[in-house]
file my_file.txt (compact mmCIF, C-alpha atoms and all ligand atoms)
# COMPACT_ATOMS: atom_id res chain seq x y z
CA MET A 1 83.07 22.38 308.14
CA GLU A 2 86.61 23.07 309.26
CA LEU A 3 85.75 21.89 312.77
CA LEU A 4 84.20 18.72 311.36
CA GLN A 5 87.26 18.08 309.26
CA LYS A 6 89.44 18.34 312.37
CA LEU A 7 87.04 16.05 314.23
CA VAL A 8 87.19 13.40 311.52
CA VAL A 9 90.94 13.60 310.88
CA ILE A 10 92.70 14.37 314.15
CA ASN A 11 90.31 13.19 316.82
CA LEU A 12 89.89 9.87 315.09
CA ASN A 13 93.62 9.24 315.35
CA TYR A 14 93.62 10.16 319.06
CA ILE A 15 90.60 7.96 319.69
CA THR A 16 92.22 5.11 317.78
CA VAL A 17 95.44 5.22 319.80
CA GLY A 18 93.49 5.72 323.06
CA LEU A 19 91.29 2.71 322.33
CA MET A 20 94.37 0.66 321.50
CA VAL A 21 95.82 1.36 324.96
CA LEU A 22 92.45 0.65 326.64
CA PHE A 23 91.95 -2.69 324.88
CA TYR A 24 95.56 -3.71 325.39
CA SER A 25 95.06 -3.21 329.15
CA LEU A 26 91.70 -5.02 329.19
CA GLU A 27 93.06 -7.99 327.25
CA HIS A 28 96.07 -8.14 329.54
CA LEU A 29 93.92 -8.14 332.69
CA MET A 30 91.09 -10.38 331.56
CA THR A 31 92.53 -13.15 329.41
CA ASN A 32 95.17 -15.82 329.40
CA GLN A 33 97.79 -14.43 327.11
CA ILE A 34 99.94 -16.33 324.65
CA SER A 35 103.65 -16.67 325.51
CA VAL A 36 105.54 -13.38 326.02
CA ASN A 37 107.85 -13.90 322.99
CA LYS A 38 105.02 -14.72 320.65
CA LYS A 39 102.98 -11.82 321.98
CA THR A 40 105.79 -9.29 321.54
CA PHE A 41 106.38 -10.45 317.93
CA HIS A 42 102.67 -10.30 317.21
CA TRP A 43 102.25 -6.85 318.73
CA ALA A 44 105.37 -5.37 317.14
CA ASN A 45 104.17 -6.40 313.67
CA ASN A 46 100.64 -5.16 314.18
CA MET A 47 101.99 -1.89 315.61
CA PHE A 48 103.76 -1.21 312.29
CA PHE A 49 100.34 -1.46 310.68
CA LEU A 50 98.93 0.95 313.29
CA ILE A 51 101.72 3.49 312.58
CA VAL A 52 101.09 3.26 308.82
CA PHE A 53 97.35 3.60 309.49
CA VAL A 54 97.72 6.75 311.63
CA LEU A 55 100.11 8.41 309.15
CA LEU A 56 98.09 7.60 306.04
CA ASN A 57 94.89 8.59 307.81
CA PHE A 58 95.92 12.27 307.64
CA LEU A 59 96.28 12.11 303.87
CA TRP A 60 93.26 9.88 303.34
CA SER A 61 90.89 11.98 305.50
CA PHE A 62 91.97 15.09 303.59
CA VAL A 63 91.06 13.46 300.26
CA VAL A 64 87.78 11.92 301.46
CA VAL A 65 86.64 15.09 303.26
CA HIS A 66 87.23 17.13 300.09
CA CYS A 67 85.40 14.59 297.92
CA MET A 68 82.43 14.66 300.32
CA GLU A 69 82.38 18.47 300.40
CA TRP A 70 82.41 18.53 296.60
CA LEU A 71 79.52 16.02 296.41
CA SER A 72 77.38 17.77 299.03
CA SER A 73 78.01 21.26 297.59
CA ARG A 74 76.47 19.96 294.35
CA LYS A 75 73.74 18.04 296.21
CA ILE A 76 74.63 14.77 294.51
CA GLY A 77 72.85 11.65 295.78
CA LEU A 78 69.42 10.16 296.59
CA PHE A 79 68.95 11.78 300.02
CA TYR A 80 68.94 15.21 298.41
CA LEU A 81 65.92 14.18 296.32
CA ILE A 82 63.68 12.99 299.17
CA GLU A 83 62.00 14.95 301.97
CA ILE A 84 62.81 13.24 305.27
CA PRO A 85 63.96 14.63 308.66
CA TYR A 86 67.70 15.30 308.91
CA TRP A 87 68.16 12.91 311.87
CA LEU A 88 66.74 10.11 309.70
CA LYS A 89 69.17 11.03 306.91
CA LEU A 90 72.00 10.70 309.45
CA ILE A 91 70.91 7.19 310.51
CA LEU A 92 70.29 6.11 306.91
CA GLY A 93 73.65 7.60 305.95
CA VAL A 94 75.45 5.40 308.50
CA ALA A 95 73.43 2.36 307.36
CA MET A 96 74.22 2.98 303.68
CA LEU A 97 77.96 3.48 304.32
CA ASP A 98 77.87 0.08 306.06
CA PHE A 99 75.76 -1.42 303.25
CA VAL A 100 78.18 -0.40 300.48
CA MET A 101 81.12 -1.53 302.65
CA TYR A 102 79.42 -4.94 303.00
CA TRP A 103 79.57 -5.36 299.20
CA PHE A 104 83.14 -4.06 298.93
CA HIS A 105 84.21 -6.47 301.68
CA ARG A 106 82.34 -9.34 299.97
CA LEU A 107 84.07 -8.54 296.68
CA GLY A 108 87.38 -8.56 298.57
CA HIS A 109 86.75 -12.26 299.24
CA LEU A 110 85.27 -13.11 295.86
CA VAL A 111 87.79 -11.51 293.46
CA PRO A 112 91.20 -13.26 293.63
CA PHE A 113 93.14 -10.04 292.94
CA LEU A 114 91.37 -8.23 295.81
CA TRP A 115 91.76 -11.24 298.12
CA ARG A 116 95.56 -10.92 297.77
CA PHE A 117 95.24 -7.64 299.72
CA HIS A 118 92.38 -8.59 302.03
CA ARG A 119 93.98 -11.83 303.23
CA VAL A 120 96.49 -9.68 305.19
CA HIS A 121 93.65 -8.87 307.61
CA HIS A 122 92.69 -12.55 307.84
CA SER A 123 96.26 -13.77 308.36
CA ASP A 124 96.31 -13.08 312.11
CA THR A 125 96.35 -16.34 314.07
CA ASN A 126 96.36 -14.56 317.46
CA MET A 127 93.39 -12.28 317.15
CA ASP A 128 93.19 -9.31 319.47
CA ALA A 129 92.47 -5.57 319.35
CA SER A 130 95.62 -4.97 317.29
CA THR A 131 94.23 -7.19 314.48
CA ASN A 132 91.97 -4.25 313.73
CA PHE A 133 94.94 -2.55 312.02
CA ARG A 134 96.31 -5.55 310.25
CA GLY A 135 95.05 -4.58 306.84
CA HIS A 136 97.07 -3.85 303.75
CA PRO A 137 97.35 -0.02 303.40
CA ILE A 138 96.42 -0.22 299.70
CA GLU A 139 93.19 -1.98 300.62
CA THR A 140 92.40 0.16 303.67
CA PHE A 141 92.82 3.49 301.93
CA LEU A 142 92.12 2.85 298.26
CA TRP A 143 89.54 0.06 298.17
CA PHE A 144 87.62 0.83 301.38
CA GLY A 145 88.09 4.59 300.82
CA ALA A 146 86.45 4.15 297.40
CA SER A 147 83.56 2.39 299.13
CA ASN A 148 82.91 5.45 301.34
CA ILE A 149 83.10 7.92 298.44
CA LEU A 150 80.85 5.77 296.24
CA ALA A 151 78.28 5.45 299.06
CA ALA A 152 78.35 9.23 299.56
CA GLY A 153 77.87 9.83 295.80
CA ILE A 154 74.97 7.37 295.42
CA PHE A 155 73.06 8.20 298.58
CA GLY A 156 74.05 11.83 299.23
CA ILE A 157 75.80 11.30 302.55
CA ASP A 158 77.22 14.46 304.11
CA LEU A 159 80.28 14.92 306.34
CA LEU A 160 78.31 14.80 309.59
CA ALA A 161 76.87 11.37 308.76
CA PHE A 162 80.35 10.28 307.67
CA GLY A 163 81.84 11.47 311.01
CA LEU A 164 79.06 9.69 312.91
CA TYR A 165 79.78 6.48 310.98
CA PHE A 166 83.44 6.60 312.02
CA PHE A 167 82.65 7.40 315.66
CA ILE A 168 80.46 4.26 315.73
CA ILE A 169 82.67 1.95 313.72
CA THR A 170 86.04 2.75 315.36
CA PRO A 171 85.24 1.41 318.88
CA LEU A 172 83.05 -1.33 317.37
CA LEU A 173 85.92 -2.74 315.31
CA PHE A 174 88.08 -2.83 318.44
CA LEU A 175 85.35 -4.79 320.26
CA GLU A 176 84.90 -7.17 317.31
CA HIS A 177 88.59 -8.12 317.23
CA ALA A 178 89.40 -7.94 320.98
CA ASN A 179 90.61 -11.07 322.71
CA LEU A 180 87.76 -10.86 325.24
CA ARG A 181 84.92 -13.29 325.97
CA PHE A 182 81.41 -12.24 325.00
CA PRO A 183 78.27 -14.23 326.00
CA THR A 184 76.34 -16.13 323.32
CA TRP A 185 73.01 -14.55 324.39
CA LEU A 186 74.38 -11.36 322.84
CA ASP A 187 74.50 -13.12 319.45
CA LYS A 188 70.89 -14.28 319.80
CA THR A 189 69.52 -10.83 320.68
CA VAL A 190 71.70 -7.92 319.54
CA GLY A 191 73.10 -10.23 316.84
CA LEU A 192 69.76 -10.33 315.04
CA VAL A 193 70.48 -6.86 313.70
CA PHE A 194 74.04 -5.86 314.67
CA THR A 195 77.42 -7.54 314.23
CA THR A 196 78.58 -8.86 317.61
CA PRO A 197 82.24 -9.69 318.41
CA ASN A 198 81.51 -13.43 318.19
CA LEU A 199 79.88 -13.06 314.77
CA HIS A 200 82.91 -11.18 313.42
CA LYS A 201 85.31 -13.76 314.89
CA ILE A 202 83.46 -16.46 312.91
CA HIS A 203 84.40 -14.38 309.82
CA HIS A 204 88.06 -14.91 310.83
CA ASP A 205 87.76 -18.72 311.02
CA GLN A 206 90.30 -20.62 308.90
CA ASN A 207 87.62 -22.67 307.16
CA GLN A 208 86.63 -20.82 303.99
CA HIS A 209 82.94 -21.63 304.45
CA TYR A 210 83.03 -19.35 307.51
CA THR A 211 85.64 -16.87 306.21
CA ASP A 212 83.29 -16.08 303.32
CA SER A 213 80.44 -15.13 305.67
CA ASN A 214 79.42 -12.43 308.18
CA PHE A 215 80.92 -9.60 306.12
CA ALA A 216 79.06 -6.68 307.72
CA ASP A 217 80.85 -4.35 310.13
CA ILE A 218 77.82 -2.77 311.86
CA PHE A 219 74.56 -4.34 310.58
CA ILE A 220 74.72 -8.15 310.36
CA LEU A 221 71.28 -7.66 308.82
CA TRP A 222 72.99 -7.33 305.39
CA ASP A 223 74.41 -10.86 305.76
CA ARG A 224 71.04 -12.20 306.88
CA LEU A 225 69.31 -10.52 303.91
CA PHE A 226 71.85 -11.54 301.27
CA GLY A 227 72.43 -15.13 302.43
CA THR A 228 75.96 -14.85 303.85
CA PHE A 229 75.13 -15.28 307.55
CA THR A 230 76.70 -18.26 309.38
CA TYR A 231 77.04 -19.29 313.00
CA LYS A 232 79.27 -21.66 314.97
CA PRO A 233 80.14 -21.74 318.70
CA ILE A 234 82.96 -19.33 319.44
CA GLU A 235 85.04 -22.10 321.13
CA GLN A 236 85.28 -23.86 317.75
CA VAL A 237 86.62 -20.81 315.88
CA LYS A 238 90.26 -21.14 314.80
CA PRO A 239 91.34 -17.73 313.50
CA GLY A 240 93.83 -17.07 310.71
CA LEU A 241 94.80 -18.69 307.42
CA GLU A 242 96.74 -21.94 307.31
CA GLU A 243 99.05 -20.66 304.55
CA PHE A 244 100.11 -17.78 306.84
CA ASP A 245 100.24 -19.89 309.97
CA SER A 246 103.56 -19.05 311.62
CA GLY A 247 107.05 -17.61 311.24
CA GLU A 248 107.87 -15.26 308.38
CA PRO A 249 104.31 -14.96 306.96
CA GLN A 250 103.31 -13.30 310.25
CA SER A 251 105.87 -10.50 309.92
CA PHE A 252 105.04 -6.95 308.82
CA TRP A 253 107.38 -6.89 305.78
CA TYR A 254 106.19 -10.23 304.48
CA LEU A 255 102.54 -9.19 304.88
CA LEU A 256 103.20 -5.89 303.14
CA LYS A 257 104.63 -7.60 300.05
CA SER A 258 102.35 -10.66 300.25
CA PRO A 259 99.75 -9.36 297.70
CA PHE A 260 102.50 -9.72 295.07
CA ILE A 261 103.39 -13.27 296.07
CA ASN A 262 101.46 -16.28 294.73
CA ILE A 263 100.16 -18.10 297.80
CA LYS A 264 97.65 -20.95 297.45
CA ARG A 265 94.74 -21.12 299.87
CA LYS A 266 94.90 -24.31 301.96
CA ILE A 267 91.48 -24.70 303.61
ZN ZN A 301 87.11 -10.40 305.37
ZN ZN A 302 88.23 -8.49 311.07
call {"tool": "encode", "arguments": {"input": "my_file.txt", "output": "structure tokens", "more": "lines below"}}
Ligand SMILES: [Zn+2]
Ligand SMILES: [Zn+2]
result
Amino acid sequence: MELLQKLVVINLNYITVGLMVLFYSLEHLMTNQISVNKKTFHWANNMFFLIVFVLLNFLWSFVVVHCMEWLSSRKIGLFYLIEIPYWLKLILGVAMLDFVMYWFHRLGHLVPFLWRFHRVHHSDTNMDASTNFRGHPIETFLWFGASNILAAGIFGIDLLAFGLYFFIITPLLFLEHANLRFPTWLDKTVGLVFTTPNLHKIHHDQNQHYTDSNFADIFILWDRLFGTFTYKPIEQVKPGLEEFDSGEPQSFWYLLKSPFINIKRKI
């Protein structure tokens, strides 16, 4: 268990920073970048979010790992009541963590109080790998952390399944936000079951009809099943939120305090 805890807490931070460097290089080599000034401002602000993420991750992982150990030592959850192979429990565990997160994410759009925090993630008008970290720390660690613990309590998800979930979702979230081109055939094949980068970028479109769709991180199947799937050509996607379009609303300090500021949605 101790090894697993280290794997979940420390390695995840190393992997996160490593992936950040990898995607930064790929984006630099493969795409036409926005102007240097704009890019530096954008990166500097998102890097503050990355630093907060890495620091809080130590504390958060400690809490979540202990909650999961407590739940599994008491065999709480559905998977402890049914006889199925362990490998199947692992796959179902990952699927159920994603399923509960789908509903938490959907609520983050539906409930105005929660949207105040979640809109920080949607505020980025220059989407790239660093957008992955642009999330309000209160939302990332309290709201989404609660989603993981609730999923573990309902379904009986152990630490190994939880670690597996994070080893899948961490690189996937980088891919979904990266400023790289992905072919549309991917959306028509892999995208029948899994969330592709194009499908997640549609979720970042400024038009609320599209913002309030494609909520799933791993299995787009949840959106297809619960009627929140949408599609539009990637060239027509305009990421961000009009009310956060440029200047001060794009800065780290403004975004950090923005949940406590009344800001009307424009589109
Ligand atoms: Zn969202
Ligand atoms: Zn996103």
call {"tool": "residues_near_ligand", "arguments": {"input": "my_file.txt", "ligand": "ligand ZN 301 (chain A)", "cutoff": "8 Å", "atoms": "all atoms listed in the file", "output": "tab-separated table (two decimals) with C-alpha atoms, keeping the file's coordinate frame"}}
result
chain	number	residue	atom	x	y	z
A	105	HIS	CA	84.21	-6.47	301.68
A	106	ARG	CA	82.34	-9.34	299.97
A	108	GLY	CA	87.38	-8.56	298.57
A	109	HIS	CA	86.75	-12.26	299.24
A	118	HIS	CA	92.38	-8.59	302.03
A	119	ARG	CA	93.98	-11.83	303.23
A	121	HIS	CA	93.65	-8.87	307.61
A	122	HIS	CA	92.69	-12.55	307.84
A	203	HIS	CA	84.40	-14.38	309.82
A	204	HIS	CA	88.06	-14.91	310.83
A	211	THR	CA	85.64	-16.87	306.21
A	212	ASP	CA	83.29	-16.08	303.32
A	215	PHE	CA	80.92	-9.60	306.12
call {"tool": "closest_residue", "arguments": {"input": "my_file.txt", "among": "A:Ile261, A:Leu173, A:Val190, A:Val64", "to": "ligand ZN 302 (chain A)", "atoms": "all atoms listed in the file"}}
result
A:Leu173
call {"tool": "residues_around", "arguments": {"input": "my_file.txt", "residues": "His209 in chain A", "least_positions_apart": "4", "cutoff": "9 Å", "atoms": "all atoms listed in the file", "output": "MDAnalysis selection string"}}
result
chainID A and resid 205 213 230
call {"tool": "atom_distance", "arguments": {"input": "my_file.txt", "atom1": "CA of Ser147 in chain A", "atom2": "CA of Leu164 in chain A"}}
result
16.2 Å
call {"tool": "closest_residue", "arguments": {"input": "my_file.txt", "among": "A:Ser61, A:Lys39, A:Phe166, A:Phe144", "to": "Leu107 in chain A", "atoms": "all atoms listed in the file"}}
result
A:Phe144
call {"tool": "closest_residue", "arguments": {"input": "my_file.txt", "among": "A:Phe99, A:Tyr86, A:Trp253, A:Phe53", "to": "Phe226 in chain A", "atoms": "all atoms listed in the file"}}
result
A:Phe99
call {"tool": "closest_residue", "arguments": {"input": "my_file.txt", "among": "A:Phe141, A:Phe229, A:Phe174, A:Phe133", "to": "Asn46 in chain A", "atoms": "all atoms listed in the file"}}
result
A:Phe133
call {"tool": "residues_around", "arguments": {"input": "my_file.txt", "residues": "range 155-162 of chain A", "least_positions_apart": "4", "cutoff": "6 Å", "atoms": "only C-alpha atoms", "output": "count of residues only"}}
result
7
call {"tool": "residues_around", "arguments": {"input": "my_file.txt", "residues": "Tyr102 in chain A", "least_positions_apart": "6", "cutoff": "10 Å", "atoms": "only C-alpha atoms", "output": "list in words"}}
result
Met96, Gly108, Ser147, Asn214, Phe215, Ala216, Asp217, Ile218, Phe219, Ile220, Trp222 and Asp223 of chain A
call {"tool": "write_last_selection", "arguments": {"input": "my_file.txt", "atoms": "C-alpha atoms", "output": "short mmCIF file (atom, residue, chain, number, x, y, z; two decimals), in the frame of the given file"}}
result
data_model
loop_
_atom_site.label_atom_id
_atom_site.label_comp_id
_atom_site.auth_asym_id
_atom_site.auth_seq_id
_atom_site.Cartn_x
_atom_site.Cartn_y
_atom_site.Cartn_z
CA MET A 96 74.22 2.98 303.68
CA GLY A 108 87.38 -8.56 298.57
CA SER A 147 83.56 2.39 299.13
CA ASN A 214 79.42 -12.43 308.18
CA PHE A 215 80.92 -9.60 306.12
CA ALA A 216 79.06 -6.68 307.72
CA ASP A 217 80.85 -4.35 310.13
CA ILE A 218 77.82 -2.77 311.86
CA PHE A 219 74.56 -4.34 310.58
CA ILE A 220 74.72 -8.15 310.36
CA TRP A 222 72.99 -7.33 305.39
CA ASP A 223 74.41 -10.86 305.76
#
call {"tool": "atom_distance", "arguments": {"input": "my_file.txt", "atom1": "CA of His136 in chain A", "atom2": "CA of Leu55 in chain A"}}
result
13.7 Å
call {"tool": "closest_residue", "arguments": {"input": "my_file.txt", "among": "A:Leu110, A:Leu88, A:Met127, A:Leu256", "to": "ligand ZN 302 (chain A)", "atoms": "only C-alpha atoms and all ligand atoms"}}
result
A:Met127
call {"tool": "atom_distance", "arguments": {"input": "my_file.txt", "atom1": "CA of Gln208 in chain A", "atom2": "CA of Ile267 in chain A"}}
result
6.2 Å
call {"tool": "residues_near_point", "arguments": {"input": "my_file.txt", "point": "(93.7, -21.5, 297.8)", "cutoff": "12 Å", "atoms": "all atoms listed in the file", "output": "list in words"}}
result
His109, Pro112, Trp115, Arg116, Arg119, Gln206, Asn207, Gln208, Leu241, Glu242, Glu243, Phe244, Asn262, Ile263, Lys264, Arg265, Lys266 and Ile267 of chain A
call {"tool": "closest_residue", "arguments": {"input": "my_file.txt", "among": "A:Asp128, A:Glu27, A:Glu69, A:Asp98", "to": "ligand ZN 302 (chain A)", "atoms": "all atoms listed in the file"}}
result
A:Asp128
call {"tool": "residues_around", "arguments": {"input": "my_file.txt", "residues": "Ala129 in chain A", "least_positions_apart": "4", "cutoff": "12 Å", "atoms": "only C-alpha atoms", "output": "ChimeraX atom specification"}}
result
/A:16-28,42-43,46-47,50,124,133-134,170-180,197,201
call {"tool": "decode", "arguments": {"input": "my_file.txt", "residues": "range 25-78 of chain A", "atoms": "C-alpha atoms", "output": "PDB file, in the first residue's frame"}}
result
ATOM      1  CA  SER A  25       7.725  21.020 -27.179  1.00  0.00           C
ATOM      2  CA  LEU A  26       5.241  19.272 -29.486  1.00  0.00           C
ATOM      3  CA  GLU A  27       2.983  22.317 -29.667  1.00  0.00           C
ATOM      4  CA  HIS A  28       5.978  24.532 -30.343  1.00  0.00           C
ATOM      5  CA  LEU A  29       7.214  22.324 -33.189  1.00  0.00           C
ATOM      6  CA  MET A  30       3.929  21.420 -34.814  1.00  0.00           C
ATOM      7  CA  THR A  31       1.648  24.446 -34.701  1.00  0.00           C
ATOM      8  CA  ASN A  32       1.530  28.098 -35.583  1.00  0.00           C
ATOM      9  CA  GLN A  33       1.836  29.799 -32.258  1.00  0.00           C
ATOM     10  CA  ILE A  34       0.115  32.964 -31.128  1.00  0.00           C
ATOM     11  CA  SER A  35       2.314  36.066 -30.726  1.00  0.00           C
ATOM     12  CA  VAL A  36       5.254  35.714 -28.292  1.00  0.00           C
ATOM     13  CA  ASN A  37       3.911  38.326 -25.817  1.00  0.00           C
ATOM     14  CA  LYS A  38       0.465  36.802 -25.693  1.00  0.00           C
ATOM     15  CA  LYS A  39       1.936  33.326 -25.356  1.00  0.00           C
ATOM     16  CA  THR A  40       4.244  34.284 -22.477  1.00  0.00           C
ATOM     17  CA  PHE A  41       1.338  35.935 -20.595  1.00  0.00           C
ATOM     18  CA  HIS A  42      -0.862  32.916 -21.219  1.00  0.00           C
ATOM     19  CA  TRP A  43       1.794  30.432 -20.124  1.00  0.00           C
ATOM     20  CA  ALA A  44       2.884  32.393 -17.054  1.00  0.00           C
ATOM     21  CA  ASN A  45      -0.701  32.486 -15.760  1.00  0.00           C
ATOM     22  CA  ASN A  46      -1.374  28.834 -16.440  1.00  0.00           C
ATOM     23  CA  MET A  47       1.954  27.908 -14.831  1.00  0.00           C
ATOM     24  CA  PHE A  48       0.753  29.459 -11.553  1.00  0.00           C
ATOM     25  CA  PHE A  49      -2.149  27.029 -11.728  1.00  0.00           C
ATOM     26  CA  LEU A  50       0.287  24.167 -12.390  1.00  0.00           C
ATOM     27  CA  ILE A  51       2.390  25.130  -9.325  1.00  0.00           C
ATOM     28  CA  VAL A  52      -0.724  25.285  -7.124  1.00  0.00           C
ATOM     29  CA  PHE A  53      -1.837  21.941  -8.582  1.00  0.00           C
ATOM     30  CA  VAL A  54       1.478  20.184  -7.853  1.00  0.00           C
ATOM     31  CA  LEU A  55       1.676  21.573  -4.293  1.00  0.00           C
ATOM     32  CA  LEU A  56      -1.931  20.819  -3.363  1.00  0.00           C
ATOM     33  CA  ASN A  57      -1.664  17.391  -4.966  1.00  0.00           C
ATOM     34  CA  PHE A  58       0.573  16.214  -2.103  1.00  0.00           C
ATOM     35  CA  LEU A  59      -2.041  17.140   0.484  1.00  0.00           C
ATOM     36  CA  TRP A  60      -4.992  15.989  -1.602  1.00  0.00           C
ATOM     37  CA  SER A  61      -3.492  12.573  -2.471  1.00  0.00           C
ATOM     38  CA  PHE A  62      -2.768  12.000   1.218  1.00  0.00           C
ATOM     39  CA  VAL A  63      -6.416  12.639   2.121  1.00  0.00           C
ATOM     40  CA  VAL A  64      -7.897  10.642  -0.775  1.00  0.00           C
ATOM     41  CA  VAL A  65      -5.535   7.684  -0.296  1.00  0.00           C
ATOM     42  CA  HIS A  66      -6.480   7.492   3.393  1.00  0.00           C
ATOM     43  CA  CYS A  67     -10.212   7.717   2.605  1.00  0.00           C
ATOM     44  CA  MET A  68      -9.853   4.900   0.050  1.00  0.00           C
ATOM     45  CA  GLU A  69      -7.880   2.730   2.476  1.00  0.00           C
ATOM     46  CA  TRP A  70     -10.559   3.271   5.114  1.00  0.00           C
ATOM     47  CA  LEU A  71     -13.347   2.332   2.657  1.00  0.00           C
ATOM     48  CA  SER A  72     -11.587  -0.774   1.324  1.00  0.00           C
ATOM     49  CA  SER A  73     -10.538  -1.994   4.796  1.00  0.00           C
ATOM     50  CA  ARG A  74     -14.258  -2.063   5.646  1.00  0.00           C
ATOM     51  CA  LYS A  75     -15.192  -3.497   2.228  1.00  0.00           C
ATOM     52  CA  ILE A  76     -17.660  -0.701   1.533  1.00  0.00           C
ATOM     53  CA  GLY A  77     -19.183  -0.603  -1.958  1.00  0.00           C
ATOM     54  CA  LEU A  78     -20.979  -2.701  -4.607  1.00  0.00           C
TER      55      LEU A  78
END
